[in-house]
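Undergrad: Contents of upload17.txt (compact mmCIF, C-alpha atoms and all ligand atoms):
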```txt
# COMPACT_ATOMS: atom_id res chain seq x y z
CA MET R 242 184.26 108.73 40.70
CA THR R 243 183.53 112.06 42.41
CA LEU R 244 180.10 113.70 42.19
CA THR R 245 179.11 117.26 43.11
CA GLY R 246 175.71 118.76 43.92
CA ILE R 247 174.35 122.19 44.75
CA GLY R 248 171.42 123.12 47.01
CA TYR R 249 169.53 126.32 47.74
CA ASP R 250 166.58 127.08 50.00
CA SER R 251 164.85 130.03 51.60
CA HIS R 252 162.12 130.37 54.21
CA ARG R 253 160.06 133.28 55.47
CA LEU R 254 160.54 134.54 59.04
CA GLY R 255 157.45 134.90 61.21
CA GLU R 256 156.28 135.13 64.78
CA GLY R 257 155.35 132.08 66.82
CA ARG R 258 157.86 129.80 65.10
CA ARG R 259 161.18 128.31 66.20
CA LEU R 260 164.39 129.35 64.44
CA VAL R 261 166.10 126.04 63.63
CA ILE R 262 169.27 126.25 61.52
CA GLY R 263 171.27 123.11 60.82
CA GLY R 264 169.45 121.24 63.58
CA VAL R 265 170.25 123.85 66.22
CA GLU R 266 167.51 125.98 67.78
CA ILE R 267 168.68 129.60 67.96
CA PRO R 268 167.04 131.99 70.44
CA SER R 269 165.05 134.51 68.38
CA ALA R 270 161.80 136.50 68.53
CA VAL R 271 160.95 135.20 65.05
CA GLY R 272 161.38 131.78 63.46
CA LEU R 273 161.16 130.12 60.08
CA GLU R 274 157.76 129.32 58.58
CA GLY R 275 157.19 126.10 56.68
CA HIS R 276 155.51 122.71 56.62
CA SER R 277 158.38 120.98 58.44
CA ASP R 278 160.56 122.65 61.06
CA ALA R 279 161.65 124.85 58.10
CA ASP R 280 165.35 124.22 58.76
CA VAL R 281 166.57 126.13 55.72
CA LEU R 282 170.17 124.91 56.04
CA ALA R 283 169.24 121.24 56.38
CA HIS R 284 166.99 121.61 53.31
CA ALA R 285 169.73 123.21 51.18
CA LEU R 286 172.11 120.47 52.26
CA ILE R 287 169.60 117.73 51.44
CA ASP R 288 169.21 119.18 47.92
CA ALA R 289 172.99 119.32 47.47
CA LEU R 290 173.27 115.64 48.46
CA LEU R 291 170.34 114.56 46.28
CA GLY R 292 171.75 116.64 43.42
CA ALA R 293 175.15 115.01 43.61
CA ALA R 294 173.51 111.59 43.68
CA GLY R 295 171.21 112.38 40.74
CA LEU R 296 168.23 111.61 42.98
CA GLY R 297 166.06 114.66 42.30
CA ASP R 298 165.15 117.13 45.03
CA ILE R 299 163.72 117.41 48.54
CA GLY R 300 160.20 118.16 47.26
CA GLU R 301 160.07 114.80 45.45
CA HIS R 302 161.11 112.80 48.48
CA PHE R 303 159.42 114.79 51.26
CA PRO R 304 156.50 116.72 49.67
CA ASP R 305 155.04 119.56 51.75
CA THR R 306 151.57 118.26 50.93
CA ASP R 307 152.29 115.10 52.94
CA GLU R 308 151.09 115.15 56.55
CA ARG R 309 153.97 112.83 57.51
CA TRP R 310 156.37 115.77 57.14
CA ARG R 311 154.34 118.35 59.10
CA ASP R 312 156.68 119.86 61.72
CA ALA R 313 159.22 117.20 60.70
CA ASP R 314 162.69 117.31 62.21
CA SER R 315 164.73 118.09 59.10
CA ILE R 316 167.83 116.45 60.58
CA GLY R 317 165.80 113.22 60.48
CA LEU R 318 165.14 113.89 56.78
CA LEU R 319 168.86 114.50 56.27
CA ARG R 320 169.63 111.17 57.94
CA ALA R 321 167.12 109.46 55.63
CA VAL R 322 168.89 110.97 52.61
CA VAL R 323 172.28 109.77 53.87
CA GLU R 324 170.74 106.28 54.05
CA MET R 325 169.52 106.61 50.44
CA LEU R 326 173.07 107.52 49.42
CA ALA R 327 174.51 104.56 51.31
CA ALA R 328 172.02 102.27 49.52
CA ALA R 329 173.36 103.68 46.23
CA ARG R 330 176.92 103.07 47.49
CA LEU R 331 177.67 106.79 47.64
CA ALA R 332 179.79 108.19 50.47
CA VAL R 333 179.78 111.85 51.46
CA VAL R 334 183.28 113.35 51.14
CA ASN R 335 182.60 116.89 52.36
CA VAL R 336 179.95 119.60 52.42
CA ASP R 337 180.20 123.37 52.46
CA CYS R 338 177.31 125.68 53.31
CA THR R 339 176.45 129.37 53.59
CA VAL R 340 173.55 130.72 55.64
CA VAL R 341 172.40 134.20 54.59
CA MET R 342 170.61 135.79 57.55
CA GLU R 343 170.45 139.35 58.85
CA ALA R 344 169.86 138.53 62.54
CA PRO R 345 170.54 137.01 64.98
CA LYS R 346 174.25 136.38 64.53
CA LEU R 347 175.03 132.80 63.52
CA ALA R 348 178.65 132.78 64.70
CA PRO R 349 177.96 131.74 68.34
CA HIS R 350 176.05 128.68 67.05
CA ARG R 351 178.27 127.72 64.15
CA GLN R 352 180.23 125.02 65.97
CA ALA R 353 177.06 123.39 67.33
CA ILE R 354 175.55 123.41 63.82
CA ARG R 355 178.70 121.90 62.39
CA GLU R 356 178.67 119.10 64.96
CA CYS R 357 174.96 118.40 64.43
CA LEU R 358 175.33 118.19 60.65
CA ALA R 359 178.52 116.11 60.92
CA GLY R 360 176.68 113.65 63.17
CA ALA R 361 173.81 113.28 60.69
CA LEU R 362 176.22 112.92 57.76
CA GLY R 363 178.53 110.49 59.56
CA LEU R 364 181.46 112.82 58.82
CA ASP R 365 184.30 114.35 60.78
CA GLY R 366 183.48 117.97 61.65
CA ALA R 367 186.46 119.10 59.57
CA ARG R 368 184.56 117.92 56.45
CA VAL R 369 181.49 120.03 57.27
CA ASN R 370 181.98 123.75 56.77
CA VAL R 371 179.33 126.29 57.75
CA LYS R 372 179.67 129.93 56.76
CA ALA R 373 177.47 132.92 57.61
CA SER R 374 176.66 135.97 55.53
CA THR R 375 174.10 138.78 55.74
CA GLY R 376 171.90 140.55 53.22
CA GLU R 377 173.56 143.92 53.85
CA ARG R 378 170.11 145.31 54.73
CA ILE R 379 168.83 144.86 51.16
CA GLY R 380 166.50 142.27 49.63
CA PHE R 381 164.27 139.86 51.58
CA VAL R 382 167.16 138.73 53.78
CA GLY R 383 168.39 142.24 54.47
CA ARG R 384 164.88 143.38 55.44
CA GLY R 385 164.63 140.50 57.90
CA GLU R 386 161.78 138.87 55.97
CA GLY R 387 163.50 135.53 55.50
CA VAL R 388 166.63 133.41 55.59
CA ALA R 389 168.42 131.71 52.68
CA ALA R 390 170.95 128.90 52.62
CA LEU R 391 173.25 127.44 49.98
CA ALA R 392 175.14 124.18 50.08
CA VAL R 393 177.57 122.19 47.98
CA ALA R 394 178.21 118.49 48.55
CA THR R 395 180.85 116.15 47.17
CA LEU R 396 180.21 112.40 47.05
CA ARG R 397 182.40 109.45 46.18
CA SER R 398 180.95 106.47 44.37
CA GLU R 399 181.99 103.20 45.98
CA ALA R 400 180.18 101.03 43.44
MG MG J 1 162.72 124.34 52.69
```
Kindly return the structure encoded in the file as structure tokens.
TA:
Amino acid sequence: MTLTGIGYDSHRLGEGRRLVIGGVEIPSAVGLEGHSDADVLAHALIDALLGAAGLGDIGEHFPDTDERWRDADSIGLLRAVVEMLAAARLAVVNVDCTVVMEAPKLAPHRQAIRECLAGALGLDGARVNVKASTGERIGFVGRGEGVAALAVATLRSEA
């Protein structure tokens, strides 16, 4: 049986924060604000995986009111979700993601992000696609106020 899930996340950009996208720190004057490292792409991907598995959402498993997840490395959270899937005998087939960000350009970092996510997912890089889009200077993304990410994941039940 094949299962599909969708994930979406957004975070505000602010000064004095790191810009971490898909586990890769990108040089930037502003970074993403949030309780954890605010890795918007990792969070969208986690929700896609949990969605496909019928296991709820990131807020249920890693609530932002819990001090354990303050400044948490979201790739660690992603790894924990992959372990939950394995316990449910669900294997990740492939994931596809889009990061919507006005600046800086994601393209120079896309391969590193792909490799980081593939490592956490235990997948070949060819099964992890990362796309970049902009807000065309409109909306919260276009004004540089925040970054959004979308993800779709496909799982295979091995039960
Ligand atoms: Mg988030």
Undergrad: Could you check the closest approach to R:Gly263 for each of R:Ser315, R:Thr243, R:Asn335, R:Thr375 and tell me which residue wins, using only C-alpha atoms?
TA: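 Nearest to R:Gly263: R:Ser315.
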Undergrad: Which residues sit within 12 Å of ligand MG 1 (chain J), counting only C-alpha atoms and all ligand atoms, listed as a ChimeraX atom specification?
TA: /R:248-253,261-263,273-288,298-300,303-305,310,312-315,318,387-391
Undergrad: For the residues selected in the previous step, produce a file with C-alpha atoms as a PDB file, in the coordinates of the input.
TA:
```pdb
ATOM      1  CA  GLY R 248     171.420 123.120  47.010  1.00  0.00           C
ATOM      2  CA  TYR R 249     169.530 126.320  47.740  1.00  0.00           C
ATOM      3  CA  ASP R 250     166.580 127.080  50.000  1.00  0.00           C
ATOM      4  CA  SER R 251     164.850 130.030  51.600  1.00  0.00           C
ATOM      5  CA  HIS R 252     162.120 130.370  54.210  1.00  0.00           C
ATOM      6  CA  ARG R 253     160.060 133.280  55.470  1.00  0.00           C
ATOM      7  CA  VAL R 261     166.100 126.040  63.630  1.00  0.00           C
ATOM      8  CA  ILE R 262     169.270 126.250  61.520  1.00  0.00           C
ATOM      9  CA  GLY R 263     171.270 123.110  60.820  1.00  0.00           C
ATOM     10  CA  LEU R 273     161.160 130.120  60.080  1.00  0.00           C
ATOM     11  CA  GLU R 274     157.760 129.320  58.580  1.00  0.00           C
ATOM     12  CA  GLY R 275     157.190 126.100  56.680  1.00  0.00           C
ATOM     13  CA  HIS R 276     155.510 122.710  56.620  1.00  0.00           C
ATOM     14  CA  SER R 277     158.380 120.980  58.440  1.00  0.00           C
ATOM     15  CA  ASP R 278     160.560 122.650  61.060  1.00  0.00           C
ATOM     16  CA  ALA R 279     161.650 124.850  58.100  1.00  0.00           C
ATOM     17  CA  ASP R 280     165.350 124.220  58.760  1.00  0.00           C
ATOM     18  CA  VAL R 281     166.570 126.130  55.720  1.00  0.00           C
ATOM     19  CA  LEU R 282     170.170 124.910  56.040  1.00  0.00           C
ATOM     20  CA  ALA R 283     169.240 121.240  56.380  1.00  0.00           C
ATOM     21  CA  HIS R 284     166.990 121.610  53.310  1.00  0.00           C
ATOM     22  CA  ALA R 285     169.730 123.210  51.180  1.00  0.00           C
ATOM     23  CA  LEU R 286     172.110 120.470  52.260  1.00  0.00           C
ATOM     24  CA  ILE R 287     169.600 117.730  51.440  1.00  0.00           C
ATOM     25  CA  ASP R 288     169.210 119.180  47.920  1.00  0.00           C
ATOM     26  CA  ASP R 298     165.150 117.130  45.030  1.00  0.00           C
ATOM     27  CA  ILE R 299     163.720 117.410  48.540  1.00  0.00           C
ATOM     28  CA  GLY R 300     160.200 118.160  47.260  1.00  0.00           C
ATOM     29  CA  PHE R 303     159.420 114.790  51.260  1.00  0.00           C
ATOM     30  CA  PRO R 304     156.500 116.720  49.670  1.00  0.00           C
ATOM     31  CA  ASP R 305     155.040 119.560  51.750  1.00  0.00           C
ATOM     32  CA  TRP R 310     156.370 115.770  57.140  1.00  0.00           C
ATOM     33  CA  ASP R 312     156.680 119.860  61.720  1.00  0.00           C
ATOM     34  CA  ALA R 313     159.220 117.200  60.700  1.00  0.00           C
ATOM     35  CA  ASP R 314     162.690 117.310  62.210  1.00  0.00           C
ATOM     36  CA  SER R 315     164.730 118.090  59.100  1.00  0.00           C
ATOM     37  CA  LEU R 318     165.140 113.890  56.780  1.00  0.00           C
ATOM     38  CA  GLY R 387     163.500 135.530  55.500  1.00  0.00           C
ATOM     39  CA  VAL R 388     166.630 133.410  55.590  1.00  0.00           C
ATOM     40  CA  ALA R 389     168.420 131.710  52.680  1.00  0.00           C
ATOM     41  CA  ALA R 390     170.950 128.900  52.620  1.00  0.00           C
ATOM     42  CA  LEU R 391     173.250 127.440  49.980  1.00  0.00           C
TER      43      LEU R 391
END
```
Undergrad: Find the distance between atom CA of R:Cys357 and atom CA of R:Gly264 and write it in Å to one decimal.
TA: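 Taking atom CA of R:Cys357 as the start and atom CA of R:Gly264 as the end point, the length is 6.3 Å.
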Undergrad: Hey, which of R:Leu331, R:Leu260, R:Val271, R:Val336 ends up closest to R:Glu399? Count only C-alpha atoms.
TA: R:Leu331
Undergrad: Just checking: using all atoms listed in the file, which residue out of R:Thr245, R:Thr395, R:Ser269, R:Ser374 ends up closest to R:Val334?
TA: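 When distances to R:Val334 are compared using all atoms listed in the file, the smallest one comes from R:Thr395.
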Undergrad: Env of R:His350: 10 Å cut, atoms = only C-alpha atoms, seq-sep filter 2 positions within chain, self excluded. Answer as an MDAnalysis selection string.
TA: chainID R and resid 262:263 265:267 346:348 352:355
Undergrad: Based on the selection just made, write C-alpha atoms of those residues as a PDB file, in the frame of the given file.
TA:
```pdb
ATOM      1  CA  ILE R 262     169.270 126.250  61.520  1.00  0.00           C
ATOM      2  CA  GLY R 263     171.270 123.110  60.820  1.00  0.00           C
ATOM      3  CA  VAL R 265     170.250 123.850  66.220  1.00  0.00           C
ATOM      4  CA  GLU R 266     167.510 125.980  67.780  1.00  0.00           C
ATOM      5  CA  ILE R 267     168.680 129.600  67.960  1.00  0.00           C
ATOM      6  CA  LYS R 346     174.250 136.380  64.530  1.00  0.00           C
ATOM      7  CA  LEU R 347     175.030 132.800  63.520  1.00  0.00           C
ATOM      8  CA  ALA R 348     178.650 132.780  64.700  1.00  0.00           C
ATOM      9  CA  GLN R 352     180.230 125.020  65.970  1.00  0.00           C
ATOM     10  CA  ALA R 353     177.060 123.390  67.330  1.00  0.00           C
ATOM     11  CA  ILE R 354     175.550 123.410  63.820  1.00  0.00           C
ATOM     12  CA  ARG R 355     178.700 121.900  62.390  1.00  0.00           C
TER      13      ARG R 355
END
```
Undergrad: Measuring between all atoms listed in the file, which one of R:Leu358, R:Ala270, R:Leu244, R:Ala394 shows the shortest distance to R:Ile316?
TA: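 Nearest candidate to R:Ile316 out of R:Leu358, R:Ala270, R:Leu244, R:Ala394: R:Leu358.
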Undergrad: Between atom CA of R:Ala367 and atom CA of R:Ala344, what is the distance in Å, rounded to a tenth?
TA: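 Interatomic distance here is 25.7 Å.
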Undergrad: Rank R:Asn370, R:Gly383, R:Gly295, R:Pro268 by their smallest atom-to-atom distance to R:Gly246, using all atoms listed in the file, and report the top residue only.
TA: R:Gly295
